[in-house]
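K.L.:
To start, I am sharing the structure in question, which I have written as structure tokens.
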Amino acid sequence: MGYNFGGFGGGNMQQLMRQAQKMQEDMKRTREEIDSTEYSSQVGGGMVEITMLGNRTIKSVKIKKEVVDPDDVEMLEDLIVSACNDCLRKIQDDERAKLPNLGM
């Protein structure tokens, strides 16, 4: 005795399951690709450079000596925050472009 699941025959249901599994595998592969990609941002005319992985791990911070002013630490802090936020925006843009079905 065969069952009819919401109008889907057994063959159609298997095909849908295969498509869903392939889509899940593709998304996982893309997620891994993004996670291992390096995103960099330079601010302050190249005075501060941040490199971050797509999994949002900071890989490196480079600061030119000229920007280190003990009397103006706030400027350096602002540059670091700006570079980090720019990297995060780049990652998010890449996720939106490559993983549109996640609703990010």
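Following the order of the structure tokens, first chain is A, next is B, and so on, with residues numbered from 1 inside each chain and ligands from 1 in the order they appear.
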Would you kindly return, as a PyMOL selection string, each protein, DNA or RNA residue with an atom no farther than 6 Å from any atom of stretch 54-70 of chain A, considering only C-alpha atoms and excluding same-chain residues fewer than 3 positions away?
P.N.:
chain A and resi 34-37+47-51+73+91
K.L.:
Could you jot down the atom CA of A:Asn12 to atom CA of A:Gln24 separation for me, Å, one decimal place?
P.N.:
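Straight-line distance from atom CA of A:Asn12 to atom CA of A:Gln24 works out to 18.3 Å.
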K.L.:
Write out as a short mmCIF file (atom, residue, chain, number, x, y, z; two decimals) with all heavy atoms, in the first residue's frame all residues of chain A that backbone DSSP assigns to helix (DSSP H, G or I).
P.N.:
```cif
data_model
loop_
_atom_site.label_atom_id
_atom_site.label_comp_id
_atom_site.auth_asym_id
_atom_site.auth_seq_id
_atom_site.Cartn_x
_atom_site.Cartn_y
_atom_site.Cartn_z
N GLY A 10 6.26 9.06 -4.05
CA GLY A 10 7.51 8.62 -3.42
C GLY A 10 8.74 9.10 -4.18
O GLY A 10 9.71 9.55 -3.60
N GLY A 11 8.71 9.04 -5.50
CA GLY A 11 9.85 9.47 -6.30
C GLY A 11 10.10 10.96 -6.17
O GLY A 11 11.24 11.41 -6.07
N ASN A 12 9.03 11.73 -6.19
CA ASN A 12 9.17 13.18 -6.04
C ASN A 12 9.71 13.55 -4.67
O ASN A 12 10.51 14.48 -4.55
CB ASN A 12 7.83 13.89 -6.28
CG ASN A 12 7.42 13.88 -7.73
OD1 ASN A 12 8.25 13.71 -8.62
ND2 ASN A 12 6.14 14.05 -7.98
N MET A 13 9.27 12.85 -3.66
CA MET A 13 9.73 13.14 -2.30
C MET A 13 11.23 12.83 -2.18
O MET A 13 11.98 13.61 -1.58
CB MET A 13 8.94 12.31 -1.27
CG MET A 13 9.33 12.61 0.17
SD MET A 13 9.07 14.32 0.62
CE MET A 13 7.40 14.25 1.16
N GLN A 14 11.66 11.73 -2.76
CA GLN A 14 13.09 11.39 -2.73
C GLN A 14 13.91 12.43 -3.48
O GLN A 14 14.98 12.82 -3.04
CB GLN A 14 13.32 10.00 -3.33
CG GLN A 14 12.83 8.88 -2.46
CD GLN A 14 13.01 7.52 -3.13
OE1 GLN A 14 13.36 7.43 -4.30
NE2 GLN A 14 12.73 6.46 -2.37
N GLN A 15 13.39 12.91 -4.60
CA GLN A 15 14.08 13.93 -5.36
C GLN A 15 14.19 15.23 -4.54
O GLN A 15 15.23 15.87 -4.51
CB GLN A 15 13.36 14.20 -6.68
CG GLN A 15 14.08 15.23 -7.56
CD GLN A 15 13.35 15.45 -8.88
OE1 GLN A 15 12.34 14.84 -9.16
NE2 GLN A 15 13.89 16.35 -9.67
N LEU A 16 13.11 15.61 -3.89
CA LEU A 16 13.13 16.81 -3.04
C LEU A 16 14.14 16.66 -1.90
O LEU A 16 14.85 17.61 -1.56
CB LEU A 16 11.74 17.09 -2.47
CG LEU A 16 10.72 17.67 -3.43
CD1 LEU A 16 9.34 17.73 -2.78
CD2 LEU A 16 11.15 19.05 -3.90
N MET A 17 14.20 15.47 -1.33
CA MET A 17 15.14 15.22 -0.23
C MET A 17 16.59 15.32 -0.73
O MET A 17 17.44 15.89 -0.06
CB MET A 17 14.88 13.85 0.41
CG MET A 17 13.54 13.76 1.13
SD MET A 17 13.41 14.91 2.49
CE MET A 17 14.43 14.10 3.69
N ARG A 18 16.85 14.79 -1.91
CA ARG A 18 18.20 14.88 -2.49
C ARG A 18 18.57 16.34 -2.77
O ARG A 18 19.68 16.77 -2.50
CB ARG A 18 18.30 14.04 -3.77
CG ARG A 18 18.50 12.55 -3.52
CD ARG A 18 18.92 11.83 -4.80
NE ARG A 18 17.91 11.89 -5.86
CZ ARG A 18 16.91 11.03 -6.01
NH1 ARG A 18 16.78 10.02 -5.17
NH2 ARG A 18 16.04 11.16 -6.99
N GLN A 19 17.62 17.09 -3.31
CA GLN A 19 17.86 18.51 -3.59
C GLN A 19 18.14 19.28 -2.29
O GLN A 19 19.04 20.12 -2.24
CB GLN A 19 16.68 19.13 -4.33
CG GLN A 19 16.56 18.68 -5.76
CD GLN A 19 15.30 19.22 -6.42
OE1 GLN A 19 14.33 19.59 -5.76
NE2 GLN A 19 15.30 19.25 -7.75
N ALA A 20 17.37 18.99 -1.27
CA ALA A 20 17.57 19.66 0.03
C ALA A 20 18.93 19.30 0.61
O ALA A 20 19.63 20.17 1.16
CB ALA A 20 16.45 19.28 1.00
N GLN A 21 19.33 18.04 0.51
CA GLN A 21 20.62 17.61 1.03
C GLN A 21 21.76 18.28 0.26
O GLN A 21 22.72 18.75 0.84
CB GLN A 21 20.76 16.09 0.95
CG GLN A 21 22.04 15.57 1.57
CD GLN A 21 22.11 14.06 1.55
OE1 GLN A 21 21.29 13.38 0.94
NE2 GLN A 21 23.10 13.51 2.23
N LYS A 22 21.64 18.36 -1.08
CA LYS A 22 22.66 19.03 -1.88
C LYS A 22 22.76 20.50 -1.51
O LYS A 22 23.85 21.06 -1.36
CB LYS A 22 22.37 18.88 -3.38
CG LYS A 22 23.46 19.50 -4.24
CD LYS A 22 23.12 19.47 -5.71
CE LYS A 22 24.16 20.05 -6.61
NZ LYS A 22 24.82 21.25 -6.17
N MET A 23 21.62 21.15 -1.35
CA MET A 23 21.61 22.56 -0.97
C MET A 23 22.27 22.76 0.39
O MET A 23 23.06 23.70 0.57
CB MET A 23 20.16 23.06 -0.93
CG MET A 23 20.00 24.52 -0.77
SD MET A 23 18.25 24.90 -1.05
CE MET A 23 18.08 26.31 -0.02
N GLN A 24 22.00 21.87 1.32
CA GLN A 24 22.61 21.95 2.65
C GLN A 24 24.13 21.76 2.56
O GLN A 24 24.89 22.49 3.20
CB GLN A 24 21.99 20.89 3.56
CG GLN A 24 22.40 21.01 5.00
CD GLN A 24 21.65 20.01 5.88
OE1 GLN A 24 21.18 18.98 5.41
NE2 GLN A 24 21.54 20.32 7.14
N GLU A 25 24.58 20.82 1.74
CA GLU A 25 26.01 20.60 1.56
C GLU A 25 26.68 21.80 0.90
O GLU A 25 27.77 22.21 1.30
CB GLU A 25 26.25 19.33 0.73
CG GLU A 25 25.91 18.05 1.45
CD GLU A 25 25.86 16.83 0.54
OE1 GLU A 25 26.10 16.98 -0.69
OE2 GLU A 25 25.57 15.74 1.04
N ASP A 26 26.01 22.38 -0.10
CA ASP A 26 26.54 23.58 -0.77
C ASP A 26 26.67 24.74 0.21
O ASP A 26 27.67 25.47 0.20
CB ASP A 26 25.66 23.99 -1.95
CG ASP A 26 25.74 23.01 -3.12
OD1 ASP A 26 26.65 22.16 -3.14
OD2 ASP A 26 24.86 23.10 -4.01
N MET A 27 25.66 24.93 1.04
CA MET A 27 25.70 26.01 2.02
C MET A 27 26.81 25.79 3.04
O MET A 27 27.51 26.73 3.42
CB MET A 27 24.34 26.13 2.73
CG MET A 27 23.28 26.75 1.83
SD MET A 27 21.62 26.80 2.55
CE MET A 27 21.90 27.65 4.08
N LYS A 28 27.00 24.54 3.45
CA LYS A 28 28.07 24.23 4.41
C LYS A 28 29.44 24.52 3.79
O LYS A 28 30.31 25.12 4.42
CB LYS A 28 27.99 22.76 4.84
CG LYS A 28 29.05 22.37 5.84
CD LYS A 28 28.96 20.91 6.23
CE LYS A 28 30.09 20.58 7.18
NZ LYS A 28 30.29 19.17 7.36
N ARG A 29 29.62 24.12 2.54
CA ARG A 29 30.88 24.35 1.84
C ARG A 29 31.14 25.85 1.69
O ARG A 29 32.24 26.34 1.92
CB ARG A 29 30.85 23.64 0.48
CG ARG A 29 32.15 23.63 -0.26
CD ARG A 29 32.16 22.77 -1.53
NE ARG A 29 30.88 22.53 -2.19
CZ ARG A 29 30.14 21.42 -2.07
NH1 ARG A 29 30.56 20.43 -1.31
NH2 ARG A 29 29.00 21.28 -2.71
N THR A 30 30.11 26.60 1.35
CA THR A 30 30.24 28.05 1.20
C THR A 30 30.55 28.70 2.54
O THR A 30 31.39 29.59 2.64
CB THR A 30 28.95 28.65 0.60
OG1 THR A 30 28.72 28.04 -0.68
CG2 THR A 30 29.07 30.15 0.43
N ARG A 31 29.90 28.23 3.60
CA ARG A 31 30.15 28.76 4.95
C ARG A 31 31.61 28.54 5.33
O ARG A 31 32.27 29.42 5.89
CB ARG A 31 29.21 28.07 5.94
CG ARG A 31 29.44 28.40 7.41
CD ARG A 31 28.76 29.69 7.80
NE ARG A 31 29.73 30.76 7.79
CZ ARG A 31 29.44 32.05 7.71
NH1 ARG A 31 28.21 32.43 7.62
NH2 ARG A 31 30.36 32.95 7.70
N GLU A 32 32.13 27.33 5.05
CA GLU A 32 33.52 27.02 5.36
C GLU A 32 34.47 27.90 4.55
O GLU A 32 35.49 28.36 5.06
CB GLU A 32 33.81 25.54 5.10
CG GLU A 32 33.14 24.62 6.09
CD GLU A 32 33.19 23.15 5.71
OE1 GLU A 32 33.62 22.82 4.58
OE2 GLU A 32 32.77 22.31 6.55
N GLU A 33 34.11 28.16 3.29
CA GLU A 33 34.92 29.02 2.44
C GLU A 33 34.97 30.44 3.00
O GLU A 33 36.04 31.05 3.10
CB GLU A 33 34.33 29.03 1.02
CG GLU A 33 35.03 29.98 0.07
CD GLU A 33 34.30 30.09 -1.25
OE1 GLU A 33 33.94 29.04 -1.83
OE2 GLU A 33 34.08 31.22 -1.70
N ILE A 34 33.81 30.97 3.37
CA ILE A 34 33.77 32.32 3.95
C ILE A 34 34.55 32.36 5.25
O ILE A 34 35.33 33.30 5.49
CB ILE A 34 32.31 32.78 4.16
CG1 ILE A 34 31.63 33.01 2.80
CG2 ILE A 34 32.26 34.04 5.02
CD1 ILE A 34 30.14 33.25 2.89
N ASP A 35 34.36 31.37 6.10
CA ASP A 35 35.04 31.34 7.41
C ASP A 35 36.56 31.38 7.28
O ASP A 35 37.24 31.92 8.15
CB ASP A 35 34.63 30.11 8.21
CG ASP A 35 33.23 30.23 8.80
OD1 ASP A 35 32.65 31.33 8.74
OD2 ASP A 35 32.73 29.21 9.31
N SER A 36 37.10 30.80 6.22
CA SER A 36 38.56 30.74 6.07
C SER A 36 39.11 31.87 5.20
O SER A 36 40.32 32.01 5.07
CB SER A 36 38.97 29.39 5.49
OG SER A 36 38.46 29.23 4.19
N LYS A 65 53.91 53.39 13.41
CA LYS A 65 54.44 54.11 14.58
C LYS A 65 53.97 55.56 14.64
O LYS A 65 53.74 56.09 15.72
CB LYS A 65 55.96 54.06 14.56
CG LYS A 65 56.52 52.68 14.81
CD LYS A 65 58.03 52.67 14.73
CE LYS A 65 58.52 51.23 14.85
NZ LYS A 65 59.96 51.13 14.72
N GLU A 66 53.81 56.18 13.47
CA GLU A 66 53.43 57.59 13.44
C GLU A 66 52.08 57.87 14.08
O GLU A 66 51.82 59.00 14.50
CB GLU A 66 53.38 58.10 11.99
CG GLU A 66 54.65 57.91 11.18
CD GLU A 66 54.70 56.56 10.48
OE1 GLU A 66 53.95 56.31 9.54
OE2 GLU A 66 55.55 55.74 10.90
N VAL A 67 51.20 56.87 14.12
CA VAL A 67 49.86 57.08 14.67
C VAL A 67 49.82 56.90 16.18
O VAL A 67 48.84 57.24 16.82
CB VAL A 67 48.83 56.18 13.95
CG1 VAL A 67 48.87 54.76 14.47
CG2 VAL A 67 47.43 56.74 14.08
N VAL A 73 45.43 58.85 22.54
CA VAL A 73 45.12 57.43 22.46
C VAL A 73 43.73 57.20 21.86
O VAL A 73 43.51 56.22 21.15
CB VAL A 73 45.22 56.77 23.87
CG1 VAL A 73 44.78 55.32 23.83
CG2 VAL A 73 46.64 56.88 24.39
N GLU A 74 42.83 58.12 22.09
CA GLU A 74 41.47 57.97 21.59
C GLU A 74 41.43 57.88 20.06
O GLU A 74 40.63 57.13 19.51
CB GLU A 74 40.59 59.12 22.07
CG GLU A 74 40.31 59.05 23.56
CD GLU A 74 39.55 60.27 24.06
OE1 GLU A 74 39.29 61.20 23.27
OE2 GLU A 74 39.24 60.28 25.26
N MET A 75 42.28 58.62 19.37
CA MET A 75 42.30 58.56 17.92
C MET A 75 42.70 57.15 17.45
O MET A 75 42.08 56.58 16.55
CB MET A 75 43.27 59.58 17.32
CG MET A 75 43.30 59.52 15.80
SD MET A 75 44.52 60.59 15.04
CE MET A 75 46.03 59.74 15.45
N LEU A 76 43.71 56.57 18.08
CA LEU A 76 44.15 55.22 17.74
C LEU A 76 43.03 54.21 18.01
O LEU A 76 42.76 53.33 17.20
CB LEU A 76 45.42 54.85 18.50
CG LEU A 76 45.99 53.46 18.25
CD1 LEU A 76 46.27 53.22 16.78
CD2 LEU A 76 47.26 53.27 19.08
N GLU A 77 42.37 54.37 19.14
CA GLU A 77 41.26 53.47 19.47
C GLU A 77 40.15 53.57 18.41
O GLU A 77 39.61 52.56 17.96
CB GLU A 77 40.70 53.81 20.85
CG GLU A 77 41.65 53.50 21.98
CD GLU A 77 41.20 54.07 23.33
OE1 GLU A 77 40.35 54.98 23.35
OE2 GLU A 77 41.72 53.59 24.35
N ASP A 78 39.84 54.79 18.01
CA ASP A 78 38.80 54.99 16.98
C ASP A 78 39.19 54.35 15.65
O ASP A 78 38.35 53.76 14.97
CB ASP A 78 38.53 56.48 16.78
CG ASP A 78 37.81 57.12 17.97
OD1 ASP A 78 37.25 56.39 18.80
OD2 ASP A 78 37.83 58.38 18.04
N LEU A 79 40.46 54.46 15.28
CA LEU A 79 40.92 53.85 14.03
C LEU A 79 40.80 52.33 14.09
O LEU A 79 40.39 51.70 13.11
CB LEU A 79 42.36 54.27 13.73
CG LEU A 79 42.57 55.72 13.31
CD1 LEU A 79 44.07 56.05 13.26
CD2 LEU A 79 41.92 56.00 11.97
N ILE A 80 41.15 51.74 15.22
CA ILE A 80 41.06 50.28 15.37
C ILE A 80 39.60 49.83 15.28
O ILE A 80 39.27 48.87 14.58
CB ILE A 80 41.71 49.82 16.68
CG1 ILE A 80 43.23 50.05 16.62
CG2 ILE A 80 41.39 48.35 16.97
CD1 ILE A 80 43.95 49.88 17.94
N VAL A 81 38.72 50.54 15.97
CA VAL A 81 37.29 50.20 15.92
C VAL A 81 36.77 50.33 14.50
O VAL A 81 36.05 49.46 14.00
CB VAL A 81 36.48 51.09 16.89
CG1 VAL A 81 34.98 50.95 16.65
CG2 VAL A 81 36.82 50.73 18.34
N SER A 82 37.15 51.40 13.82
CA SER A 82 36.70 51.63 12.46
C SER A 82 37.16 50.51 11.52
O SER A 82 36.39 50.01 10.70
CB SER A 82 37.22 52.98 11.97
OG SER A 82 36.83 53.22 10.65
N ALA A 83 38.41 50.10 11.63
CA ALA A 83 38.94 49.03 10.79
C ALA A 83 38.23 47.70 11.08
O ALA A 83 37.89 46.95 10.15
CB ALA A 83 40.45 48.90 10.98
N CYS A 84 38.00 47.41 12.35
CA CYS A 84 37.30 46.16 12.71
C CYS A 84 35.87 46.16 12.15
O CYS A 84 35.43 45.17 11.57
CB CYS A 84 37.25 45.99 14.22
SG CYS A 84 38.81 45.49 14.96
N ASN A 85 35.18 47.28 12.31
CA ASN A 85 33.81 47.36 11.81
C ASN A 85 33.76 47.24 10.29
O ASN A 85 32.84 46.63 9.74
CB ASN A 85 33.14 48.65 12.28
CG ASN A 85 32.76 48.58 13.74
OD1 ASN A 85 32.55 47.51 14.30
ND2 ASN A 85 32.70 49.74 14.37
N ASP A 86 34.75 47.80 9.61
CA ASP A 86 34.79 47.68 8.16
C ASP A 86 35.00 46.23 7.73
O ASP A 86 34.35 45.75 6.80
CB ASP A 86 35.90 48.57 7.59
CG ASP A 86 35.85 48.65 6.08
OD1 ASP A 86 34.75 48.90 5.52
OD2 ASP A 86 36.91 48.46 5.45
N CYS A 87 35.88 45.51 8.42
CA CYS A 87 36.07 44.08 8.12
C CYS A 87 34.76 43.31 8.34
O CYS A 87 34.39 42.47 7.52
CB CYS A 87 37.16 43.49 9.01
SG CYS A 87 38.83 43.80 8.42
N LEU A 88 34.09 43.59 9.44
CA LEU A 88 32.83 42.91 9.73
C LEU A 88 31.78 43.19 8.65
O LEU A 88 31.04 42.29 8.26
CB LEU A 88 32.31 43.32 11.11
CG LEU A 88 33.14 42.81 12.29
CD1 LEU A 88 32.68 43.47 13.59
CD2 LEU A 88 33.07 41.30 12.40
N ARG A 89 31.74 44.42 8.16
CA ARG A 89 30.81 44.76 7.07
C ARG A 89 31.15 43.98 5.81
O ARG A 89 30.25 43.49 5.10
CB ARG A 89 30.83 46.26 6.78
CG ARG A 89 29.85 47.06 7.61
CD ARG A 89 29.75 48.50 7.12
NE ARG A 89 30.99 49.24 7.27
CZ ARG A 89 31.41 49.82 8.40
NH1 ARG A 89 30.67 49.74 9.49
NH2 ARG A 89 32.54 50.49 8.43
N LYS A 90 32.44 43.84 5.51
CA LYS A 90 32.86 43.09 4.32
C LYS A 90 32.44 41.62 4.44
O LYS A 90 31.98 41.01 3.46
CB LYS A 90 34.37 43.19 4.13
CG LYS A 90 34.82 44.57 3.68
CD LYS A 90 36.33 44.65 3.58
CE LYS A 90 36.78 46.03 3.14
NZ LYS A 90 38.23 46.13 3.03
N ILE A 91 32.60 41.05 5.62
CA ILE A 91 32.20 39.66 5.84
C ILE A 91 30.69 39.53 5.65
O ILE A 91 30.21 38.62 4.96
CB ILE A 91 32.61 39.18 7.25
CG1 ILE A 91 34.14 39.12 7.36
CG2 ILE A 91 31.98 37.82 7.57
CD1 ILE A 91 34.64 38.95 8.78
N GLN A 92 29.94 40.43 6.26
CA GLN A 92 28.48 40.38 6.15
C GLN A 92 28.02 40.54 4.70
O GLN A 92 27.12 39.83 4.25
CB GLN A 92 27.86 41.46 7.03
CG GLN A 92 26.37 41.34 7.18
CD GLN A 92 25.82 42.35 8.17
OE1 GLN A 92 26.22 43.50 8.18
NE2 GLN A 92 24.90 41.90 9.00
N ASP A 93 28.65 41.43 3.95
CA ASP A 93 28.30 41.60 2.54
C ASP A 93 28.57 40.31 1.76
O ASP A 93 27.77 39.92 0.90
CB ASP A 93 29.09 42.75 1.92
CG ASP A 93 28.63 44.12 2.42
OD1 ASP A 93 27.56 44.21 3.04
OD2 ASP A 93 29.38 45.09 2.19
N ASP A 94 29.70 39.67 2.05
CA ASP A 94 30.04 38.42 1.38
C ASP A 94 29.03 37.33 1.72
O ASP A 94 28.60 36.56 0.86
CB ASP A 94 31.46 37.98 1.77
CG ASP A 94 32.17 37.20 0.69
OD1 ASP A 94 31.71 37.19 -0.47
OD2 ASP A 94 33.21 36.59 1.00
N GLU A 95 28.63 37.27 3.00
CA GLU A 95 27.62 36.29 3.42
C GLU A 95 26.30 36.53 2.69
O GLU A 95 25.67 35.58 2.22
CB GLU A 95 27.40 36.36 4.92
CG GLU A 95 28.54 35.82 5.73
CD GLU A 95 28.40 36.08 7.21
OE1 GLU A 95 27.73 37.04 7.63
OE2 GLU A 95 29.00 35.30 7.98
N ARG A 96 25.88 37.77 2.61
CA ARG A 96 24.63 38.08 1.92
C ARG A 96 24.68 37.70 0.45
O ARG A 96 23.69 37.24 -0.11
CB ARG A 96 24.31 39.57 2.06
CG ARG A 96 23.78 39.93 3.42
CD ARG A 96 23.37 41.38 3.48
NE ARG A 96 22.85 41.69 4.79
CZ ARG A 96 23.10 42.80 5.45
NH1 ARG A 96 23.87 43.73 4.92
NH2 ARG A 96 22.59 42.99 6.65
N ALA A 97 25.83 37.91 -0.17
CA ALA A 97 25.97 37.59 -1.59
C ALA A 97 26.03 36.09 -1.84
O ALA A 97 25.46 35.59 -2.81
CB ALA A 97 27.22 38.26 -2.16
N LYS A 98 26.72 35.37 -0.97
CA LYS A 98 26.95 33.94 -1.21
C LYS A 98 25.97 33.03 -0.50
O LYS A 98 25.82 31.87 -0.87
CB LYS A 98 28.37 33.58 -0.79
CG LYS A 98 29.43 34.24 -1.65
CD LYS A 98 30.82 33.87 -1.21
CE LYS A 98 31.86 34.52 -2.10
NZ LYS A 98 33.22 34.21 -1.66
N PRO A 100 22.42 33.79 0.28
CA PRO A 100 21.20 34.61 0.33
C PRO A 100 20.02 33.94 1.02
O PRO A 100 19.13 34.61 1.50
CB PRO A 100 20.90 34.87 -1.15
CG PRO A 100 21.54 33.74 -1.87
CD PRO A 100 22.76 33.39 -1.06
N ASN A 101 20.02 32.63 1.09
CA ASN A 101 18.88 31.91 1.68
C ASN A 101 18.90 31.91 3.19
O ASN A 101 17.95 31.42 3.80
CB ASN A 101 18.86 30.47 1.16
CG ASN A 101 18.60 30.42 -0.33
OD1 ASN A 101 17.95 31.29 -0.88
ND2 ASN A 101 19.14 29.42 -0.97
N LEU A 102 19.94 32.45 3.81
CA LEU A 102 20.00 32.47 5.26
C LEU A 102 19.31 33.69 5.85
O LEU A 102 19.19 33.81 7.07
CB LEU A 102 21.45 32.41 5.74
CG LEU A 102 22.18 31.10 5.45
CD1 LEU A 102 23.59 31.15 6.02
CD2 LEU A 102 21.44 29.92 6.03
#
```
K.L.:
Run DSSP on the backbone and tell me which residues of stretch 17-61 of chain A come out as strand (DSSP E or B); list them as a ChimeraX atom specification.
P.N.:
/A:38-43,48-53,58-61
K.L.:
Can you write out the residues you just picked, keeping all heavy atoms, as a short mmCIF file (atom, residue, chain, number, x, y, z; two decimals), in the first residue's frame?
P.N.:
```cif
data_model
loop_
_atom_site.label_atom_id
_atom_site.label_comp_id
_atom_site.auth_asym_id
_atom_site.auth_seq_id
_atom_site.Cartn_x
_atom_site.Cartn_y
_atom_site.Cartn_z
N GLU A 38 40.25 35.63 4.24
CA GLU A 38 40.78 36.79 4.96
C GLU A 38 40.16 38.06 4.42
O GLU A 38 40.08 38.26 3.21
CB GLU A 38 42.30 36.87 4.81
CG GLU A 38 43.03 35.79 5.56
CD GLU A 38 44.55 35.97 5.50
OE1 GLU A 38 45.04 37.01 5.02
OE2 GLU A 38 45.24 35.04 5.95
N TYR A 39 39.73 38.93 5.32
CA TYR A 39 39.17 40.23 4.99
C TYR A 39 40.04 41.28 5.66
O TYR A 39 40.33 41.17 6.85
CB TYR A 39 37.72 40.35 5.49
CG TYR A 39 36.80 39.33 4.87
CD1 TYR A 39 36.71 38.03 5.38
CD2 TYR A 39 36.02 39.65 3.77
CE1 TYR A 39 35.88 37.09 4.80
CE2 TYR A 39 35.18 38.71 3.19
CZ TYR A 39 35.12 37.43 3.71
OH TYR A 39 34.28 36.50 3.14
N SER A 40 40.46 42.28 4.90
CA SER A 40 41.34 43.31 5.46
C SER A 40 40.74 44.68 5.28
O SER A 40 39.98 44.93 4.34
CB SER A 40 42.72 43.28 4.78
OG SER A 40 43.39 42.09 5.09
N SER A 41 41.11 45.56 6.19
CA SER A 41 40.67 46.94 6.11
C SER A 41 41.80 47.84 6.58
O SER A 41 42.44 47.56 7.60
CB SER A 41 39.44 47.16 6.98
OG SER A 41 39.05 48.52 6.94
N GLN A 42 42.03 48.90 5.83
CA GLN A 42 43.00 49.92 6.22
C GLN A 42 42.25 51.22 6.45
O GLN A 42 41.38 51.58 5.65
CB GLN A 42 44.04 50.13 5.12
CG GLN A 42 44.97 48.97 4.93
CD GLN A 42 46.06 49.29 3.89
OE1 GLN A 42 46.16 50.40 3.40
NE2 GLN A 42 46.86 48.30 3.59
N VAL A 43 42.58 51.90 7.52
CA VAL A 43 41.96 53.19 7.81
C VAL A 43 43.04 54.19 8.16
O VAL A 43 44.20 53.82 8.41
CB VAL A 43 40.93 53.08 8.97
CG1 VAL A 43 39.76 52.18 8.57
CG2 VAL A 43 41.57 52.57 10.24
N VAL A 48 46.38 52.18 10.19
CA VAL A 48 45.93 51.00 10.93
C VAL A 48 45.36 50.01 9.92
O VAL A 48 44.56 50.39 9.06
CB VAL A 48 44.86 51.36 11.98
CG1 VAL A 48 44.28 50.10 12.62
CG2 VAL A 48 45.43 52.28 13.05
N GLU A 49 45.80 48.76 10.03
CA GLU A 49 45.28 47.71 9.16
C GLU A 49 44.87 46.52 10.03
O GLU A 49 45.64 46.06 10.87
CB GLU A 49 46.32 47.25 8.14
CG GLU A 49 45.80 46.16 7.23
CD GLU A 49 46.82 45.69 6.20
OE1 GLU A 49 47.93 46.25 6.14
OE2 GLU A 49 46.50 44.75 5.46
N ILE A 50 43.66 46.06 9.80
CA ILE A 50 43.13 44.89 10.50
C ILE A 50 42.89 43.80 9.46
O ILE A 50 42.34 44.07 8.39
CB ILE A 50 41.78 45.20 11.20
CG1 ILE A 50 41.92 46.32 12.22
CG2 ILE A 50 41.18 43.94 11.82
CD1 ILE A 50 42.61 45.95 13.50
N THR A 51 43.28 42.58 9.77
CA THR A 51 42.95 41.42 8.95
C THR A 51 42.15 40.46 9.83
O THR A 51 42.57 40.13 10.94
CB THR A 51 44.21 40.73 8.39
OG1 THR A 51 44.93 41.68 7.61
CG2 THR A 51 43.84 39.53 7.53
N MET A 52 41.00 40.06 9.30
CA MET A 52 40.08 39.22 10.05
C MET A 52 39.66 38.05 9.16
O MET A 52 39.55 38.20 7.95
CB MET A 52 38.86 40.08 10.42
CG MET A 52 37.90 39.47 11.38
SD MET A 52 36.52 40.63 11.78
CE MET A 52 37.35 41.87 12.75
N LEU A 53 39.44 36.90 9.76
CA LEU A 53 38.89 35.77 9.03
C LEU A 53 37.38 35.89 8.98
O LEU A 53 36.78 36.56 9.83
CB LEU A 53 39.30 34.45 9.70
CG LEU A 53 40.79 34.13 9.71
CD1 LEU A 53 41.05 32.87 10.52
CD2 LEU A 53 41.33 33.98 8.30
N ILE A 58 40.08 37.83 14.62
CA ILE A 58 41.08 38.80 14.18
C ILE A 58 42.39 38.07 13.99
O ILE A 58 42.89 37.40 14.91
CB ILE A 58 41.23 39.95 15.19
CG1 ILE A 58 39.92 40.75 15.24
CG2 ILE A 58 42.40 40.86 14.81
CD1 ILE A 58 39.90 41.82 16.30
N LYS A 59 42.96 38.19 12.80
CA LYS A 59 44.20 37.50 12.47
C LYS A 59 45.41 38.39 12.74
O LYS A 59 46.43 37.93 13.24
CB LYS A 59 44.18 37.05 11.02
CG LYS A 59 45.38 36.22 10.64
CD LYS A 59 45.26 35.66 9.25
CE LYS A 59 46.51 34.83 8.96
NZ LYS A 59 46.55 34.36 7.60
N SER A 60 45.29 39.68 12.39
CA SER A 60 46.42 40.58 12.64
C SER A 60 45.95 42.03 12.77
O SER A 60 44.92 42.41 12.23
CB SER A 60 47.46 40.47 11.53
OG SER A 60 46.97 41.00 10.33
N VAL A 61 46.76 42.78 13.49
CA VAL A 61 46.57 44.22 13.65
C VAL A 61 47.92 44.86 13.37
O VAL A 61 48.92 44.49 14.00
CB VAL A 61 46.09 44.60 15.07
CG1 VAL A 61 45.99 46.11 15.23
CG2 VAL A 61 44.78 43.92 15.40
#
```
